[in-house]
file query-v8.cif (mmCIF, N, CA and C atoms)
data_start
loop_
_atom_site.label_atom_id
_atom_site.label_comp_id
_atom_site.auth_asym_id
_atom_site.auth_seq_id
_atom_site.Cartn_x
_atom_site.Cartn_y
_atom_site.Cartn_z
N MET A 4 -17.26 -3.83 -37.32
CA MET A 4 -15.99 -4.50 -37.48
C MET A 4 -15.05 -3.60 -38.27
N SER A 5 -13.82 -3.64 -37.98
CA SER A 5 -12.82 -2.79 -38.62
C SER A 5 -12.42 -3.36 -39.97
N ASP A 6 -12.10 -2.43 -40.89
CA ASP A 6 -11.59 -2.85 -42.20
C ASP A 6 -10.09 -3.07 -42.17
N THR A 7 -9.47 -2.79 -41.03
CA THR A 7 -8.02 -2.91 -40.92
C THR A 7 -7.64 -4.38 -40.80
N PRO A 8 -6.75 -4.84 -41.69
CA PRO A 8 -6.33 -6.24 -41.62
C PRO A 8 -5.54 -6.49 -40.33
N PRO A 9 -5.62 -7.69 -39.78
CA PRO A 9 -4.93 -8.00 -38.52
C PRO A 9 -3.43 -7.76 -38.58
N GLU A 10 -2.80 -7.92 -39.75
CA GLU A 10 -1.35 -7.72 -39.85
C GLU A 10 -0.96 -6.30 -39.49
N SER A 11 -1.74 -5.31 -39.93
CA SER A 11 -1.37 -3.93 -39.65
C SER A 11 -1.63 -3.57 -38.20
N VAL A 12 -2.59 -4.21 -37.55
CA VAL A 12 -2.82 -3.98 -36.12
C VAL A 12 -1.60 -4.46 -35.35
N ASN A 13 -1.10 -5.64 -35.67
CA ASN A 13 0.08 -6.16 -35.00
C ASN A 13 1.32 -5.32 -35.29
N ALA A 14 1.42 -4.79 -36.48
CA ALA A 14 2.57 -3.98 -36.85
C ALA A 14 2.61 -2.69 -36.04
N ASP A 15 1.44 -2.15 -35.68
CA ASP A 15 1.38 -0.90 -34.92
C ASP A 15 1.42 -1.12 -33.42
N SER A 16 1.18 -2.33 -32.97
CA SER A 16 1.14 -2.64 -31.54
C SER A 16 2.55 -2.96 -31.05
N PRO A 17 2.87 -2.52 -29.84
CA PRO A 17 4.19 -2.88 -29.30
C PRO A 17 4.27 -4.38 -29.04
N ASP A 18 5.43 -4.94 -29.23
CA ASP A 18 5.65 -6.35 -28.96
C ASP A 18 6.13 -6.49 -27.52
N PHE A 19 5.17 -6.66 -26.59
CA PHE A 19 5.50 -6.68 -25.18
C PHE A 19 6.37 -7.88 -24.80
N ASP A 20 6.22 -8.99 -25.48
CA ASP A 20 7.07 -10.14 -25.19
C ASP A 20 8.53 -9.83 -25.53
N ALA A 21 8.75 -9.19 -26.67
CA ALA A 21 10.11 -8.82 -27.06
C ALA A 21 10.68 -7.78 -26.10
N MET A 22 9.84 -6.83 -25.70
CA MET A 22 10.30 -5.81 -24.75
C MET A 22 10.67 -6.46 -23.42
N ALA A 23 9.90 -7.39 -22.96
CA ALA A 23 10.19 -8.08 -21.70
C ALA A 23 11.49 -8.87 -21.80
N ARG A 24 11.71 -9.52 -22.95
CA ARG A 24 12.97 -10.25 -23.15
C ARG A 24 14.15 -9.29 -23.13
N ASP A 25 14.01 -8.14 -23.78
CA ASP A 25 15.09 -7.15 -23.80
C ASP A 25 15.40 -6.67 -22.39
N ILE A 26 14.37 -6.36 -21.61
CA ILE A 26 14.57 -5.89 -20.25
C ILE A 26 15.20 -6.98 -19.39
N ALA A 27 14.79 -8.21 -19.61
CA ALA A 27 15.31 -9.33 -18.82
C ALA A 27 16.82 -9.50 -18.98
N GLU A 28 17.35 -9.06 -20.11
CA GLU A 28 18.78 -9.21 -20.38
C GLU A 28 19.62 -8.10 -19.78
N VAL A 29 19.00 -7.05 -19.26
CA VAL A 29 19.74 -5.90 -18.73
C VAL A 29 19.96 -6.10 -17.23
N PRO A 30 21.22 -6.02 -16.78
CA PRO A 30 21.48 -6.16 -15.34
C PRO A 30 20.83 -5.02 -14.55
N ALA A 31 20.41 -5.32 -13.34
CA ALA A 31 19.74 -4.34 -12.48
C ALA A 31 20.59 -3.08 -12.29
N VAL A 32 21.89 -3.25 -12.11
CA VAL A 32 22.77 -2.10 -11.90
C VAL A 32 22.68 -1.14 -13.09
N GLU A 33 22.63 -1.69 -14.28
CA GLU A 33 22.54 -0.86 -15.47
C GLU A 33 21.22 -0.10 -15.52
N VAL A 34 20.14 -0.74 -15.12
CA VAL A 34 18.84 -0.08 -15.09
C VAL A 34 18.87 1.07 -14.07
N ILE A 35 19.41 0.81 -12.88
CA ILE A 35 19.48 1.83 -11.83
C ILE A 35 20.33 3.01 -12.29
N VAL A 36 21.48 2.74 -12.85
CA VAL A 36 22.37 3.81 -13.31
C VAL A 36 21.70 4.61 -14.44
N THR A 37 21.04 3.94 -15.35
CA THR A 37 20.36 4.63 -16.45
C THR A 37 19.27 5.55 -15.92
N VAL A 38 18.48 5.06 -14.99
CA VAL A 38 17.42 5.90 -14.39
C VAL A 38 18.05 7.09 -13.67
N ALA A 39 19.13 6.85 -12.93
CA ALA A 39 19.80 7.94 -12.21
C ALA A 39 20.32 9.00 -13.18
N VAL A 40 20.93 8.58 -14.26
CA VAL A 40 21.46 9.53 -15.25
C VAL A 40 20.32 10.32 -15.89
N ASN A 41 19.20 9.65 -16.17
CA ASN A 41 18.04 10.37 -16.72
C ASN A 41 17.51 11.40 -15.74
N LEU A 42 17.43 11.05 -14.45
CA LEU A 42 17.00 12.01 -13.44
C LEU A 42 17.97 13.18 -13.34
N MET A 43 19.26 12.89 -13.41
CA MET A 43 20.27 13.95 -13.36
C MET A 43 20.13 14.89 -14.55
N SER A 44 19.95 14.33 -15.71
CA SER A 44 19.83 15.16 -16.92
C SER A 44 18.59 16.03 -16.86
N ALA A 45 17.48 15.45 -16.44
CA ALA A 45 16.23 16.22 -16.33
C ALA A 45 16.37 17.32 -15.29
N ALA A 46 17.01 17.02 -14.17
CA ALA A 46 17.21 18.03 -13.13
C ALA A 46 18.09 19.17 -13.63
N ALA A 47 19.13 18.84 -14.38
CA ALA A 47 20.01 19.87 -14.93
C ALA A 47 19.24 20.81 -15.85
N VAL A 48 18.37 20.26 -16.67
CA VAL A 48 17.55 21.08 -17.56
C VAL A 48 16.65 22.00 -16.73
N LYS A 49 15.99 21.43 -15.71
CA LYS A 49 15.07 22.21 -14.89
C LYS A 49 15.80 23.24 -14.02
N LEU A 50 17.09 23.04 -13.80
CA LEU A 50 17.89 24.02 -13.06
C LEU A 50 18.45 25.10 -13.98
N GLY A 51 18.24 24.96 -15.27
CA GLY A 51 18.76 25.95 -16.22
C GLY A 51 20.23 25.79 -16.52
N LEU A 52 20.76 24.58 -16.37
CA LEU A 52 22.20 24.34 -16.55
C LEU A 52 22.58 23.90 -17.96
N THR A 53 21.65 23.95 -18.89
CA THR A 53 21.93 23.53 -20.26
C THR A 53 22.20 24.75 -21.14
N ASP A 54 22.47 24.50 -22.40
CA ASP A 54 22.73 25.58 -23.35
C ASP A 54 21.54 26.54 -23.46
N GLU A 55 20.33 26.02 -23.25
CA GLU A 55 19.14 26.86 -23.34
C GLU A 55 18.98 27.76 -22.12
N GLY A 56 19.77 27.52 -21.09
CA GLY A 56 19.73 28.36 -19.89
C GLY A 56 18.39 28.34 -19.20
N ASP A 57 17.83 29.52 -19.00
CA ASP A 57 16.59 29.68 -18.24
C ASP A 57 15.33 29.28 -18.99
N LYS A 58 15.45 28.93 -20.26
CA LYS A 58 14.27 28.63 -21.07
C LYS A 58 13.38 27.56 -20.42
N TYR A 59 14.00 26.53 -19.84
CA TYR A 59 13.24 25.43 -19.25
C TYR A 59 13.38 25.40 -17.72
N LYS A 60 13.92 26.44 -17.15
CA LYS A 60 14.18 26.48 -15.71
C LYS A 60 12.86 26.44 -14.93
N ASP A 61 12.80 25.52 -13.97
CA ASP A 61 11.63 25.37 -13.12
C ASP A 61 12.12 24.72 -11.83
N LEU A 62 12.36 25.53 -10.81
CA LEU A 62 12.95 25.02 -9.58
C LEU A 62 12.05 24.06 -8.82
N ASP A 63 10.74 24.22 -8.93
CA ASP A 63 9.83 23.28 -8.29
C ASP A 63 10.00 21.89 -8.90
N GLU A 64 10.07 21.83 -10.20
CA GLU A 64 10.29 20.54 -10.88
C GLU A 64 11.69 20.01 -10.58
N ALA A 65 12.68 20.89 -10.54
CA ALA A 65 14.05 20.47 -10.24
C ALA A 65 14.13 19.85 -8.85
N ARG A 66 13.45 20.46 -7.88
CA ARG A 66 13.45 19.94 -6.51
C ARG A 66 12.93 18.49 -6.50
N LYS A 67 11.86 18.23 -7.22
CA LYS A 67 11.28 16.89 -7.26
C LYS A 67 12.26 15.89 -7.87
N LEU A 68 12.91 16.29 -8.96
CA LEU A 68 13.84 15.39 -9.63
C LEU A 68 15.07 15.11 -8.78
N VAL A 69 15.60 16.14 -8.13
CA VAL A 69 16.79 15.95 -7.29
C VAL A 69 16.44 15.07 -6.08
N THR A 70 15.27 15.28 -5.51
CA THR A 70 14.84 14.46 -4.38
C THR A 70 14.66 13.00 -4.82
N ALA A 71 14.06 12.78 -5.98
CA ALA A 71 13.90 11.41 -6.50
C ALA A 71 15.26 10.76 -6.73
N LEU A 72 16.19 11.50 -7.27
CA LEU A 72 17.54 10.98 -7.50
C LEU A 72 18.19 10.61 -6.17
N ALA A 73 18.08 11.48 -5.18
CA ALA A 73 18.67 11.20 -3.87
C ALA A 73 18.04 9.95 -3.26
N GLY A 74 16.74 9.82 -3.38
CA GLY A 74 16.06 8.63 -2.85
C GLY A 74 16.51 7.36 -3.55
N LEU A 75 16.62 7.43 -4.86
CA LEU A 75 17.08 6.26 -5.62
C LEU A 75 18.49 5.87 -5.21
N LEU A 76 19.38 6.84 -5.10
CA LEU A 76 20.76 6.53 -4.72
C LEU A 76 20.85 6.02 -3.30
N ASP A 77 20.05 6.58 -2.41
CA ASP A 77 20.04 6.11 -1.02
C ASP A 77 19.55 4.66 -0.96
N ALA A 78 18.48 4.38 -1.66
CA ALA A 78 17.89 3.04 -1.63
C ALA A 78 18.77 2.00 -2.31
N SER A 79 19.53 2.41 -3.30
CA SER A 79 20.31 1.43 -4.07
C SER A 79 21.78 1.42 -3.71
N ALA A 80 22.20 2.20 -2.74
CA ALA A 80 23.62 2.32 -2.40
C ALA A 80 24.27 0.98 -2.11
N THR A 81 23.58 0.11 -1.41
CA THR A 81 24.18 -1.19 -1.09
C THR A 81 24.06 -2.19 -2.24
N GLU A 82 23.26 -1.84 -3.24
CA GLU A 82 23.02 -2.75 -4.35
C GLU A 82 23.95 -2.51 -5.54
N ILE A 83 24.46 -1.29 -5.64
CA ILE A 83 25.38 -0.97 -6.74
C ILE A 83 26.76 -0.73 -6.12
N SER A 84 27.79 -1.00 -6.88
CA SER A 84 29.15 -0.85 -6.36
C SER A 84 29.51 0.62 -6.21
N SER A 85 30.54 0.88 -5.42
CA SER A 85 31.00 2.26 -5.27
C SER A 85 31.53 2.79 -6.60
N PHE A 86 31.93 1.89 -7.49
CA PHE A 86 32.35 2.29 -8.83
C PHE A 86 31.23 3.05 -9.54
N HIS A 87 30.00 2.61 -9.36
CA HIS A 87 28.84 3.27 -9.95
C HIS A 87 28.30 4.37 -9.05
N ALA A 88 28.28 4.12 -7.75
CA ALA A 88 27.63 5.04 -6.82
C ALA A 88 28.41 6.34 -6.64
N ALA A 89 29.72 6.29 -6.59
CA ALA A 89 30.51 7.50 -6.29
C ALA A 89 30.28 8.62 -7.31
N PRO A 90 30.37 8.37 -8.61
CA PRO A 90 30.14 9.47 -9.54
C PRO A 90 28.69 9.97 -9.52
N LEU A 91 27.74 9.06 -9.24
CA LEU A 91 26.34 9.48 -9.15
C LEU A 91 26.13 10.37 -7.93
N ARG A 92 26.77 10.04 -6.82
CA ARG A 92 26.68 10.88 -5.62
C ARG A 92 27.31 12.25 -5.87
N ASP A 93 28.44 12.26 -6.59
CA ASP A 93 29.08 13.54 -6.92
C ASP A 93 28.15 14.40 -7.78
N GLY A 94 27.50 13.77 -8.75
CA GLY A 94 26.56 14.50 -9.61
C GLY A 94 25.38 15.02 -8.81
N LEU A 95 24.88 14.21 -7.90
CA LEU A 95 23.77 14.63 -7.04
C LEU A 95 24.18 15.84 -6.22
N LYS A 96 25.35 15.80 -5.61
CA LYS A 96 25.81 16.93 -4.79
C LYS A 96 25.93 18.19 -5.65
N SER A 97 26.43 18.05 -6.86
CA SER A 97 26.54 19.21 -7.76
C SER A 97 25.17 19.80 -8.07
N LEU A 98 24.20 18.94 -8.28
CA LEU A 98 22.84 19.42 -8.55
C LEU A 98 22.25 20.10 -7.31
N GLN A 99 22.50 19.53 -6.14
CA GLN A 99 21.99 20.14 -4.92
C GLN A 99 22.60 21.52 -4.70
N LEU A 100 23.89 21.65 -4.96
CA LEU A 100 24.55 22.95 -4.82
C LEU A 100 24.04 23.94 -5.87
N ALA A 101 23.82 23.45 -7.09
CA ALA A 101 23.29 24.31 -8.15
C ALA A 101 21.88 24.79 -7.79
N PHE A 102 21.09 23.92 -7.18
CA PHE A 102 19.76 24.32 -6.74
C PHE A 102 19.86 25.42 -5.69
N ARG A 103 20.73 25.24 -4.72
CA ARG A 103 20.91 26.23 -3.66
C ARG A 103 21.31 27.58 -4.27
N GLU A 104 22.20 27.55 -5.24
CA GLU A 104 22.66 28.77 -5.89
C GLU A 104 21.55 29.44 -6.70
N ALA A 105 20.72 28.64 -7.36
CA ALA A 105 19.67 29.17 -8.23
C ALA A 105 18.45 29.68 -7.45
N SER A 106 18.29 29.19 -6.23
CA SER A 106 17.11 29.52 -5.45
C SER A 106 17.22 30.91 -4.82
N LEU A 107 16.15 31.70 -4.94
CA LEU A 107 16.12 33.03 -4.34
C LEU A 107 15.91 32.94 -2.83
N VAL A 108 15.15 31.94 -2.40
CA VAL A 108 14.90 31.70 -0.98
C VAL A 108 15.63 30.43 -0.61
N HIS A 109 16.66 30.56 0.20
CA HIS A 109 17.49 29.40 0.52
C HIS A 109 16.85 28.53 1.59
N ASP A 110 16.93 27.23 1.36
CA ASP A 110 16.45 26.25 2.33
C ASP A 110 17.40 26.21 3.52
N GLU A 111 16.85 25.88 4.67
CA GLU A 111 17.69 25.63 5.85
C GLU A 111 18.55 24.40 5.57
N PRO A 112 19.74 24.32 6.16
CA PRO A 112 20.57 23.13 5.97
C PRO A 112 19.78 21.87 6.33
N GLY A 113 19.83 20.90 5.45
CA GLY A 113 19.11 19.65 5.64
C GLY A 113 17.71 19.67 5.06
N GLN A 114 17.25 20.83 4.58
CA GLN A 114 15.89 20.95 4.04
C GLN A 114 15.88 21.10 2.52
N GLY A 115 17.03 21.16 1.89
CA GLY A 115 17.11 21.29 0.44
C GLY A 115 16.69 20.01 -0.25
N PRO A 116 16.61 20.04 -1.57
CA PRO A 116 16.16 18.85 -2.30
C PRO A 116 17.07 17.65 -2.06
N GLY A 117 16.46 16.58 -1.64
CA GLY A 117 17.19 15.33 -1.41
C GLY A 117 17.98 15.26 -0.13
N GLU A 118 18.03 16.36 0.63
CA GLU A 118 18.87 16.37 1.82
C GLU A 118 18.33 15.49 2.94
N LYS A 119 17.05 15.10 2.87
CA LYS A 119 16.56 14.15 3.88
C LYS A 119 17.21 12.79 3.67
N TYR A 120 17.77 12.54 2.49
CA TYR A 120 18.47 11.29 2.21
C TYR A 120 19.99 11.44 2.34
N THR A 121 20.51 12.62 2.00
CA THR A 121 21.96 12.80 1.97
C THR A 121 22.51 13.52 3.18
N GLY A 122 21.64 14.17 3.93
CA GLY A 122 22.09 15.07 4.97
C GLY A 122 22.40 16.42 4.36
N PRO A 123 22.69 17.42 5.19
CA PRO A 123 22.95 18.77 4.67
C PRO A 123 24.11 18.76 3.66
N VAL A 124 23.97 19.57 2.64
CA VAL A 124 24.99 19.67 1.60
C VAL A 124 25.60 21.08 1.69
N TYR A 125 26.91 21.10 1.78
CA TYR A 125 27.63 22.38 1.86
C TYR A 125 28.60 22.47 0.69
N GLY A 126 28.82 23.67 0.21
CA GLY A 126 29.74 23.90 -0.91
C GLY A 126 31.12 23.71 -0.49
#
call {"tool": "encode", "arguments": {"input": "query-v8.cif", "output": "structure tokens"}}
result
Amino acid sequence: MSDTPPESVNADSPDFDAMARDIAEVPAVEVIVTVAVNLMSAAAVKLGLTDEGDKYKDLDEARKLVTALAGLLDASATEISSFHAAPLRDGLKSLQLAFREASLVHDEPGQGPGEKYTGPVYG
């Protein structure tokens, strides 16, 4: 048996009921936009577009993140307003173009990250 009093176990454990209540209060659009922004930020880091430059650059990881972002935006396009979707699509296109520019071996049109959802992306 543990010498740890029950109070300290509860203090260190996450309060899943409180977390569920917090999540329940957030509109779905806000959750989708937050996830999209996180994917965009992570992709930018993996593309070397931050102040650190190439330190964290990893095009394989960037491809996965950009494709996930494109899939999320494609799947949620009818669920979120164009007010939210338009800037996210612009950001996605910028990331796709940055990937094309950063890649030594260029993908065929329509084969770049996320292009199966967006169609070919041209500068």
call {"tool": "residues_around", "arguments": {"input": "query-v8.cif", "residues": "Thr121 of chain A", "least_positions_apart": "6", "cutoff": "12 Å", "atoms": "only C-alpha atoms", "output": "MDAnalysis selection string"}}
result
chainID A and resid 69:78 80 92:93 95:96 99 112:115
call {"tool": "residues_near_point", "arguments": {"input": "query-v8.cif", "point": "(28.1, 9.3, -12.3)", "cutoff": "10 Å", "atoms": "only C-alpha atoms", "output": "VMD selection string"}}
result
chain A and resid 36 to 37 39 to 40 43 86 to 95
call {"tool": "write_last_selection", "arguments": {"input": "query-v8.cif", "atoms": "N, CA and C atoms", "output": "PDB file, in the frame of the given file"}}
result
ATOM      1  N   VAL A  36      21.480   2.740 -12.850  1.00  0.00           N
ATOM      2  CA  VAL A  36      22.370   3.810 -13.310  1.00  0.00           C
ATOM      3  C   VAL A  36      21.700   4.610 -14.440  1.00  0.00           C
ATOM      4  N   THR A  37      21.040   3.940 -15.350  1.00  0.00           N
ATOM      5  CA  THR A  37      20.360   4.630 -16.450  1.00  0.00           C
ATOM      6  C   THR A  37      19.270   5.550 -15.920  1.00  0.00           C
ATOM      7  N   ALA A  39      19.130   6.850 -12.930  1.00  0.00           N
ATOM      8  CA  ALA A  39      19.800   7.940 -12.210  1.00  0.00           C
ATOM      9  C   ALA A  39      20.320   9.000 -13.180  1.00  0.00           C
ATOM     10  N   VAL A  40      20.930   8.580 -14.260  1.00  0.00           N
ATOM     11  CA  VAL A  40      21.460   9.530 -15.250  1.00  0.00           C
ATOM     12  C   VAL A  40      20.320  10.320 -15.890  1.00  0.00           C
ATOM     13  N   MET A  43      19.260  12.890 -13.410  1.00  0.00           N
ATOM     14  CA  MET A  43      20.270  13.950 -13.360  1.00  0.00           C
ATOM     15  C   MET A  43      20.130  14.890 -14.550  1.00  0.00           C
ATOM     16  N   PHE A  86      31.930   1.890  -7.490  1.00  0.00           N
ATOM     17  CA  PHE A  86      32.350   2.290  -8.830  1.00  0.00           C
ATOM     18  C   PHE A  86      31.230   3.050  -9.540  1.00  0.00           C
ATOM     19  N   HIS A  87      30.000   2.610  -9.360  1.00  0.00           N
ATOM     20  CA  HIS A  87      28.840   3.270  -9.950  1.00  0.00           C
ATOM     21  C   HIS A  87      28.300   4.370  -9.050  1.00  0.00           C
ATOM     22  N   ALA A  88      28.280   4.120  -7.750  1.00  0.00           N
ATOM     23  CA  ALA A  88      27.630   5.040  -6.820  1.00  0.00           C
ATOM     24  C   ALA A  88      28.410   6.340  -6.640  1.00  0.00           C
ATOM     25  N   ALA A  89      29.720   6.290  -6.590  1.00  0.00           N
ATOM     26  CA  ALA A  89      30.510   7.500  -6.290  1.00  0.00           C
ATOM     27  C   ALA A  89      30.280   8.620  -7.310  1.00  0.00           C
ATOM     28  N   PRO A  90      30.370   8.370  -8.610  1.00  0.00           N
ATOM     29  CA  PRO A  90      30.140   9.470  -9.540  1.00  0.00           C
ATOM     30  C   PRO A  90      28.690   9.970  -9.520  1.00  0.00           C
ATOM     31  N   LEU A  91      27.740   9.060  -9.240  1.00  0.00           N
ATOM     32  CA  LEU A  91      26.340   9.480  -9.150  1.00  0.00           C
ATOM     33  C   LEU A  91      26.130  10.370  -7.930  1.00  0.00           C
ATOM     34  N   ARG A  92      26.770  10.040  -6.820  1.00  0.00           N
ATOM     35  CA  ARG A  92      26.680  10.880  -5.620  1.00  0.00           C
ATOM     36  C   ARG A  92      27.310  12.250  -5.870  1.00  0.00           C
ATOM     37  N   ASP A  93      28.440  12.260  -6.590  1.00  0.00           N
ATOM     38  CA  ASP A  93      29.080  13.540  -6.920  1.00  0.00           C
ATOM     39  C   ASP A  93      28.150  14.400  -7.780  1.00  0.00           C
ATOM     40  N   GLY A  94      27.500  13.770  -8.750  1.00  0.00           N
ATOM     41  CA  GLY A  94      26.560  14.500  -9.610  1.00  0.00           C
ATOM     42  C   GLY A  94      25.380  15.020  -8.810  1.00  0.00           C
ATOM     43  N   LEU A  95      24.880  14.210  -7.900  1.00  0.00           N
ATOM     44  CA  LEU A  95      23.770  14.630  -7.040  1.00  0.00           C
ATOM     45  C   LEU A  95      24.180  15.840  -6.220  1.00  0.00           C
TER      46      LEU A  95
END
call {"tool": "select_by_dssp", "arguments": {"input": "query-v8.cif", "residues": "chain A", "states": "helix (DSSP H, G or I)", "output": "PyMOL selection string"}}
result
chain A and resi 9-15+19-27+31-49+56-59+62-79+85-105+118-121
call {"tool": "closest_residue", "arguments": {"input": "query-v8.cif", "among": "A:Pro30, A:Pro116, A:Gly122, A:Pro17", "to": "Lys67 of chain A", "atoms": "all atoms listed in the file"}}
result
A:Pro116
call {"tool": "axis_aligned_box", "arguments": {"input": "query-v8.cif", "around": "segment 58-66 of chain A", "padding_each_side": "4 Å", "output": "lines of an AutoDock Vina configuration file"}}
result
center_x = 12.6
center_y = 23.7
center_z = -13.8
size_x = 13.6
size_y = 18.4
size_z = 22.6
call {"tool": "atom_distance", "arguments": {"input": "query-v8.cif", "atom1": "atom CA of Ser79 of chain A", "atom2": "atom CA of Ile35 of chain A"}}
result
7.8 Å
call {"tool": "decode", "arguments": {"input": "query-v8.cif", "residues": "segment 13-71 of chain A", "atoms": "C-alpha atoms", "output": "tab-separated table (two decimals), in the first residue's frame"}}
result
chain	number	residue	atom	x	y	z
A	13	ASN	CA	-6.04	13.68	-6.62
A	14	ALA	CA	-3.96	16.85	-6.77
A	15	ASP	CA	-1.59	15.25	-9.30
A	16	SER	CA	-4.32	13.58	-11.37
A	17	PRO	CA	-6.03	15.49	-14.15
A	18	ASP	CA	-9.63	16.44	-13.47
A	19	PHE	CA	-11.25	14.80	-16.50
A	20	ASP	CA	-14.73	15.99	-15.55
A	21	ALA	CA	-13.55	19.61	-15.50
A	22	MET	CA	-11.70	19.11	-18.78
A	23	ALA	CA	-14.82	17.66	-20.39
A	24	ARG	CA	-16.90	20.60	-19.15
A	25	ASP	CA	-14.34	23.04	-20.58
A	26	ILE	CA	-14.35	21.28	-23.96
A	27	ALA	CA	-18.14	21.15	-23.98
A	28	GLU	CA	-18.27	24.95	-23.82
A	29	VAL	CA	-16.08	25.44	-26.92
A	30	PRO	CA	-17.91	25.71	-30.25
A	31	ALA	CA	-16.89	23.14	-32.88
A	32	VAL	CA	-15.76	25.87	-35.28
A	33	GLU	CA	-13.31	27.14	-32.69
A	34	VAL	CA	-11.90	23.65	-32.14
A	35	ILE	CA	-11.48	23.13	-35.91
A	36	VAL	CA	-9.81	26.50	-36.41
A	37	THR	CA	-7.49	25.94	-33.44
A	38	VAL	CA	-6.41	22.54	-34.76
A	39	ALA	CA	-5.88	24.04	-38.24
A	40	VAL	CA	-3.73	26.86	-36.85
A	41	ASN	CA	-1.66	24.36	-34.84
A	42	LEU	CA	-1.12	22.25	-37.98
A	43	MET	CA	-0.13	25.37	-39.92
A	44	SER	CA	2.33	26.44	-37.25
A	45	ALA	CA	3.91	23.00	-37.03
A	46	ALA	CA	4.18	22.79	-40.82
A	47	ALA	CA	5.85	26.20	-40.97
A	48	VAL	CA	8.45	25.05	-38.43
A	49	LYS	CA	9.08	21.82	-40.37
A	50	LEU	CA	9.43	23.84	-43.59
A	51	GLY	CA	12.10	26.01	-41.99
A	52	LEU	CA	9.98	29.18	-42.16
A	53	THR	CA	10.64	30.31	-38.58
A	54	ASP	CA	13.42	32.40	-37.07
A	55	GLU	CA	15.39	29.19	-36.45
A	56	GLY	CA	15.38	28.52	-40.19
A	57	ASP	CA	16.69	25.10	-41.13
A	58	LYS	CA	17.28	23.98	-37.54
A	59	TYR	CA	13.97	22.08	-37.42
A	60	LYS	CA	13.44	21.65	-41.17
A	61	ASP	CA	12.08	18.22	-42.08
A	62	LEU	CA	10.20	18.04	-45.36
A	63	ASP	CA	8.87	14.53	-44.72
A	64	GLU	CA	7.21	15.75	-41.53
A	65	ALA	CA	6.07	18.96	-43.26
A	66	ARG	CA	4.39	16.91	-46.01
A	67	LYS	CA	2.39	14.98	-43.41
A	68	LEU	CA	1.30	18.13	-41.60
A	69	VAL	CA	0.30	19.97	-44.78
A	70	THR	CA	-1.65	16.95	-46.00
A	71	ALA	CA	-3.44	16.66	-42.63
